[in-house]
>>> print(open('entry38.pdb').read())   # PDB, C-alpha atoms
ATOM      1  CA  GLN A   1      19.819   2.782  -3.864
ATOM      2  CA  VAL A   2      16.104   2.891  -3.170
ATOM      3  CA  GLN A   3      14.667  -0.347  -1.868
ATOM      4  CA  LEU A   4      11.050  -1.057  -1.023
ATOM      5  CA  VAL A   5      10.165  -4.542   0.151
ATOM      6  CA  GLU A   6       6.540  -5.529   0.662
ATOM      7  CA  SER A   7       5.238  -8.495   2.624
ATOM      8  CA  GLY A   8       2.048  -9.838   4.149
ATOM      9  CA  GLY A   9       0.021 -10.834   1.120
ATOM     10  CA  GLY A  10      -1.832 -14.087   0.751
ATOM     11  CA  LEU A  11      -5.141 -15.795   0.117
ATOM     12  CA  VAL A  12      -8.101 -14.558   2.129
ATOM     13  CA  GLN A  13     -11.833 -15.153   1.986
ATOM     14  CA  PRO A  14     -14.250 -12.344   1.117
ATOM     15  CA  GLY A  15     -14.912 -10.255   4.189
ATOM     16  CA  GLY A  16     -11.523 -11.088   5.636
ATOM     17  CA  SER A  17      -8.586  -8.894   6.551
ATOM     18  CA  LEU A  18      -4.895  -8.646   5.781
ATOM     19  CA  ARG A  19      -2.122  -6.326   6.868
ATOM     20  CA  LEU A  20       0.617  -5.519   4.407
ATOM     21  CA  SER A  21       3.999  -4.155   5.393
ATOM     22  CA  CYS A  22       6.720  -2.372   3.490
ATOM     23  CA  VAL A  23      10.247  -1.644   4.654
ATOM     24  CA  ALA A  24      12.003   1.245   2.952
ATOM     25  CA  SER A  25      15.704   2.007   2.605
ATOM     26  CA  GLY A  26      18.080   4.028   0.467
ATOM     27  CA  PHE A  27      16.297   7.350   0.835
ATOM     28  CA  VAL A  28      15.112   9.664   3.577
ATOM     29  CA  PHE A  29      11.791   8.036   4.381
ATOM     30  CA  THR A  30      10.516  10.967   6.411
ATOM     31  CA  ASP A  31      10.853  13.278   3.392
ATOM     32  CA  TYR A  32       8.226  11.439   1.382
ATOM     33  CA  TYR A  33       4.480  11.134   1.202
ATOM     34  CA  MET A  34       4.254   7.360   0.776
ATOM     35  CA  ASN A  35       1.735   5.438  -1.264
ATOM     36  CA  TRP A  36       0.211   2.056  -1.844
ATOM     37  CA  VAL A  37      -0.695   1.142  -5.391
ATOM     38  CA  ARG A  38      -2.057  -2.074  -6.852
ATOM     39  CA  GLN A  39      -2.383  -3.846 -10.140
ATOM     40  CA  ALA A  40      -5.162  -6.321 -10.762
ATOM     41  CA  PRO A  41      -4.842  -9.006 -13.456
ATOM     42  CA  GLY A  42      -5.166  -7.458 -16.886
ATOM     43  CA  LYS A  43      -5.529  -3.917 -15.528
ATOM     44  CA  GLY A  44      -3.352  -0.879 -15.089
ATOM     45  CA  MET A  45      -1.767   0.430 -11.925
ATOM     46  CA  GLU A  46      -4.277   1.869  -9.458
ATOM     47  CA  TRP A  47      -3.450   4.248  -6.648
ATOM     48  CA  VAL A  48      -4.886   2.884  -3.390
ATOM     49  CA  GLY A  49      -3.900   5.598  -0.958
ATOM     50  CA  GLY A  50      -1.121   7.548   0.658
ATOM     51  CA  ILE A  51       0.021   9.027   3.938
ATOM     52  CA  TYR A  52       1.730  12.260   4.838
ATOM     53  CA  THR A  53       5.200  12.359   6.320
ATOM     54  CA  SER A  54       3.820  13.307   9.714
ATOM     55  CA  ALA A  55       1.754  10.103   9.677
ATOM     56  CA  ASP A  56      -1.298  11.944  10.912
ATOM     57  CA  LYS A  57      -3.432  11.809   7.813
ATOM     58  CA  GLY A  58      -4.067   9.457   4.956
ATOM     59  CA  ASN A  59      -5.866   9.801   1.647
ATOM     60  CA  TYR A  60      -7.676   6.967  -0.059
ATOM     61  CA  SER A  61      -9.172   5.959  -3.358
ATOM     62  CA  PRO A  62     -12.979   5.850  -3.211
ATOM     63  CA  SER A  63     -12.780   2.139  -3.962
ATOM     64  CA  VAL A  64     -11.106   1.441  -0.599
ATOM     65  CA  GLU A  65     -12.193   4.377   1.568
ATOM     66  CA  GLY A  66     -13.546   3.159   4.896
ATOM     67  CA  ARG A  67     -12.088  -0.342   4.487
ATOM     68  CA  PHE A  68      -8.346   0.281   4.175
ATOM     69  CA  THR A  69      -6.071   2.190   6.541
ATOM     70  CA  ILE A  70      -2.529   3.302   5.829
ATOM     71  CA  SER A  71      -0.056   3.937   8.609
ATOM     72  CA  ARG A  72       3.670   4.437   8.928
ATOM     73  CA  ASP A  73       6.372   4.109  11.541
ATOM     74  CA  ASN A  74       9.013   6.680  10.688
ATOM     75  CA  ALA A  75      11.424   5.355  13.321
ATOM     76  CA  LYS A  76      11.482   1.999  11.543
ATOM     77  CA  ASN A  77      11.074   3.182   7.933
ATOM     78  CA  MET A  78       7.941   1.069   7.722
ATOM     79  CA  LEU A  79       4.702   1.568   5.794
ATOM     80  CA  TYR A  80       1.574  -0.463   6.468
ATOM     81  CA  LEU A  81      -1.748  -1.172   4.787
ATOM     82  CA  GLN A  82      -4.527  -2.611   6.915
ATOM     83  CA  MET A  83      -7.201  -4.057   4.645
ATOM     84  CA  ASN A  84     -10.585  -5.015   6.061
ATOM     85  CA  ASN A  85     -13.778  -6.328   4.509
ATOM     86  CA  LEU A  86     -11.903  -7.522   1.447
ATOM     87  CA  THR A  87     -13.760  -8.349  -1.744
ATOM     88  CA  PRO A  88     -12.711 -10.289  -4.856
ATOM     89  CA  GLU A  89     -12.271  -6.927  -6.587
ATOM     90  CA  ASP A  90      -9.359  -6.244  -4.233
ATOM     91  CA  THR A  91      -7.386  -9.121  -5.759
ATOM     92  CA  ALA A  92      -4.160  -7.609  -7.071
ATOM     93  CA  VAL A  93      -0.451  -7.272  -6.592
ATOM     94  CA  TYR A  94       0.078  -4.538  -4.007
ATOM     95  CA  TYR A  95       3.103  -2.266  -4.045
ATOM     96  CA  CYS A  96       4.400   0.434  -1.800
ATOM     97  CA  SER A  97       5.612   3.374  -3.785
ATOM     98  CA  LYS A  98       7.319   6.730  -3.427
ATOM     99  CA  ASP A  99       4.858   8.205  -5.935
ATOM    100  CA  ARG A 100       1.187   7.908  -6.761
ATOM    101  CA  GLU A 101       1.855   6.403 -10.185
ATOM    102  CA  GLY A 102       3.920   3.496  -8.870
ATOM    103  CA  ARG A 103       7.010   4.445 -10.847
ATOM    104  CA  THR A 104       9.319   3.795  -7.866
ATOM    105  CA  ARG A 105       7.924   0.753  -6.145
ATOM    106  CA  GLY A 106       8.888  -2.555  -4.621
ATOM    107  CA  GLN A 107       8.495  -6.052  -6.049
ATOM    108  CA  GLY A 108       4.955  -6.307  -4.728
ATOM    109  CA  THR A 109       2.981  -8.805  -2.703
ATOM    110  CA  GLN A 110       0.056 -10.800  -4.073
ATOM    111  CA  VAL A 111      -3.337 -10.480  -2.443
ATOM    112  CA  THR A 112      -6.009 -12.929  -3.559
ATOM    113  CA  VAL A 113      -9.549 -12.663  -2.249
ATOM    114  CA  SER A 114     -11.517 -15.776  -3.015
ATOM    115  CA  SER A 115     -13.793 -18.299  -1.384
TER
END
>>> encode(input="entry38.pdb", output="structure tokens")
Amino acid sequence: QVQLVESGGGLVQPGGSLRLSCVASGFVFTDYYMNWVRQAPGKGMEWVGGIYTSADKGNYSPSVEGRFTISRDNAKNMLYLQMNNLTPEDTAVYYCSKDREGRTRGQGTQVTVSS
């Protein structure tokens, strides 16, 4: 049974940083390109970025490129999202996902960027 459990969300001021974590189980983590997706209030699911199984390269949406960094620890089945220079437009529920569309995802963690 696939399980993805996110943590690390919260309330942060504009310009601040947060680091999200996701622990994966129930599948062979090292077989999958892993993704972060998000859903802002009243909007659809948005792909944020992903990282290859080798953990040496990530891809990012233009909306977060240069501010967000995805990493993974294959020994621990962990996925991370370091978010810097956050803006109110980054307010959303963030999910780790096995696919870019967010079809197989965790329960999410809320990130609110507000002064």
>>> axis_aligned_box(input="entry38.pdb", around="segment 80-98 of chain A", padding_each_side="3 Å", output="AutoDock Vina command-line options")
--center_x -3.2 --center_y -1.8 --center_z -0.1 --size_x 27.1 --size_y 23.0 --size_z 20.0
>>> closest_residue(input="entry38.pdb", among="A:Pro88, A:Gly50, A:Gly108, A:Pro41", to="Gln13 of chain A", atoms="all atoms listed in the file")
A:Pro88
>>> residues_around(input="entry38.pdb", residues="Val111 of chain A", least_positions_apart="2", cutoff="7 Å", atoms="all atoms listed in the file", output="list of chain:residue names")
A:Gly9, A:Gly10, A:Leu11, A:Thr91, A:Ala92, A:Val93, A:Thr109, A:Val113
>>> closest_residue(input="entry38.pdb", among="A:Gln107, A:Ser17, A:Ser25, A:Ser115", to="Gln39 of chain A", atoms="all atoms listed in the file")
A:Gln107
>>> resolve_selection(input="entry38.pdb", expression="the PyMOL selection byres ((chain A and resi 83-86) around 8)", output="list of chain:residue names")
A:Gln13, A:Pro14, A:Gly15, A:Gly16, A:Ser17, A:Leu18, A:Arg19, A:Leu20, A:Arg67, A:Phe68, A:Thr69, A:Leu81, A:Gln82, A:Thr87, A:Pro88, A:Asp90, A:Val113
>>> residues_around(input="entry38.pdb", residues="segment 53-59 of chain A", least_positions_apart="2", cutoff="9 Å", atoms="all atoms listed in the file", output="PDB file with C-alpha atoms, in the coordinates of the input")
ATOM      1  CA  PHE A  29      11.791   8.036   4.381  1.00  0.00           C
ATOM      2  CA  THR A  30      10.516  10.967   6.411  1.00  0.00           C
ATOM      3  CA  ASP A  31      10.853  13.278   3.392  1.00  0.00           C
ATOM      4  CA  TYR A  32       8.226  11.439   1.382  1.00  0.00           C
ATOM      5  CA  TYR A  33       4.480  11.134   1.202  1.00  0.00           C
ATOM      6  CA  MET A  34       4.254   7.360   0.776  1.00  0.00           C
ATOM      7  CA  VAL A  48      -4.886   2.884  -3.390  1.00  0.00           C
ATOM      8  CA  GLY A  49      -3.900   5.598  -0.958  1.00  0.00           C
ATOM      9  CA  GLY A  50      -1.121   7.548   0.658  1.00  0.00           C
ATOM     10  CA  ILE A  51       0.021   9.027   3.938  1.00  0.00           C
ATOM     11  CA  SER A  61      -9.172   5.959  -3.358  1.00  0.00           C
ATOM     12  CA  GLU A  65     -12.193   4.377   1.568  1.00  0.00           C
ATOM     13  CA  THR A  69      -6.071   2.190   6.541  1.00  0.00           C
ATOM     14  CA  ILE A  70      -2.529   3.302   5.829  1.00  0.00           C
ATOM     15  CA  SER A  71      -0.056   3.937   8.609  1.00  0.00           C
ATOM     16  CA  ARG A  72       3.670   4.437   8.928  1.00  0.00           C
ATOM     17  CA  ASP A  73       6.372   4.109  11.541  1.00  0.00           C
ATOM     18  CA  ASN A  74       9.013   6.680  10.688  1.00  0.00           C
TER      19      ASN A  74
END
>>> closest_residue(input="entry38.pdb", among="A:Trp47, A:Val23, A:Trp36, A:Gln1", to="Cys96 of chain A", atoms="all atoms listed in the file")
A:Trp36
>>> atom_distance(input="entry38.pdb", atom1="atom CA of Lys98 of chain A", atom2="atom CA of Glu6 of chain A")
12.9 Å
>>> closest_residue(input="entry38.pdb", among="A:Ser21, A:Val64, A:Gly26, A:Ser114", to="Tyr95 of chain A", atoms="only C-alpha atoms")
A:Ser21
>>> atom_distance(input="entry38.pdb", atom1="atom CA of Leu4 of chain A", atom2="atom CA of Pro62 of chain A")
25.1 Å
>>> atom_distance(input="entry38.pdb", atom1="atom CA of Tyr94 of chain A", atom2="atom CA of Val2 of chain A")
17.7 Å
>>> residues_around(input="entry38.pdb", residues="Glu101 of chain A", least_positions_apart="5", cutoff="8 Å", atoms="all atoms listed in the file", output="CSV table (one decimal) with C-alpha atoms, in the frame of the given file")
chain,number,residue,atom,x,y,z
A,37,VAL,CA,-0.7,1.1,-5.4
A,45,MET,CA,-1.8,0.4,-11.9
A,46,GLU,CA,-4.3,1.9,-9.5
A,47,TRP,CA,-3.4,4.2,-6.6
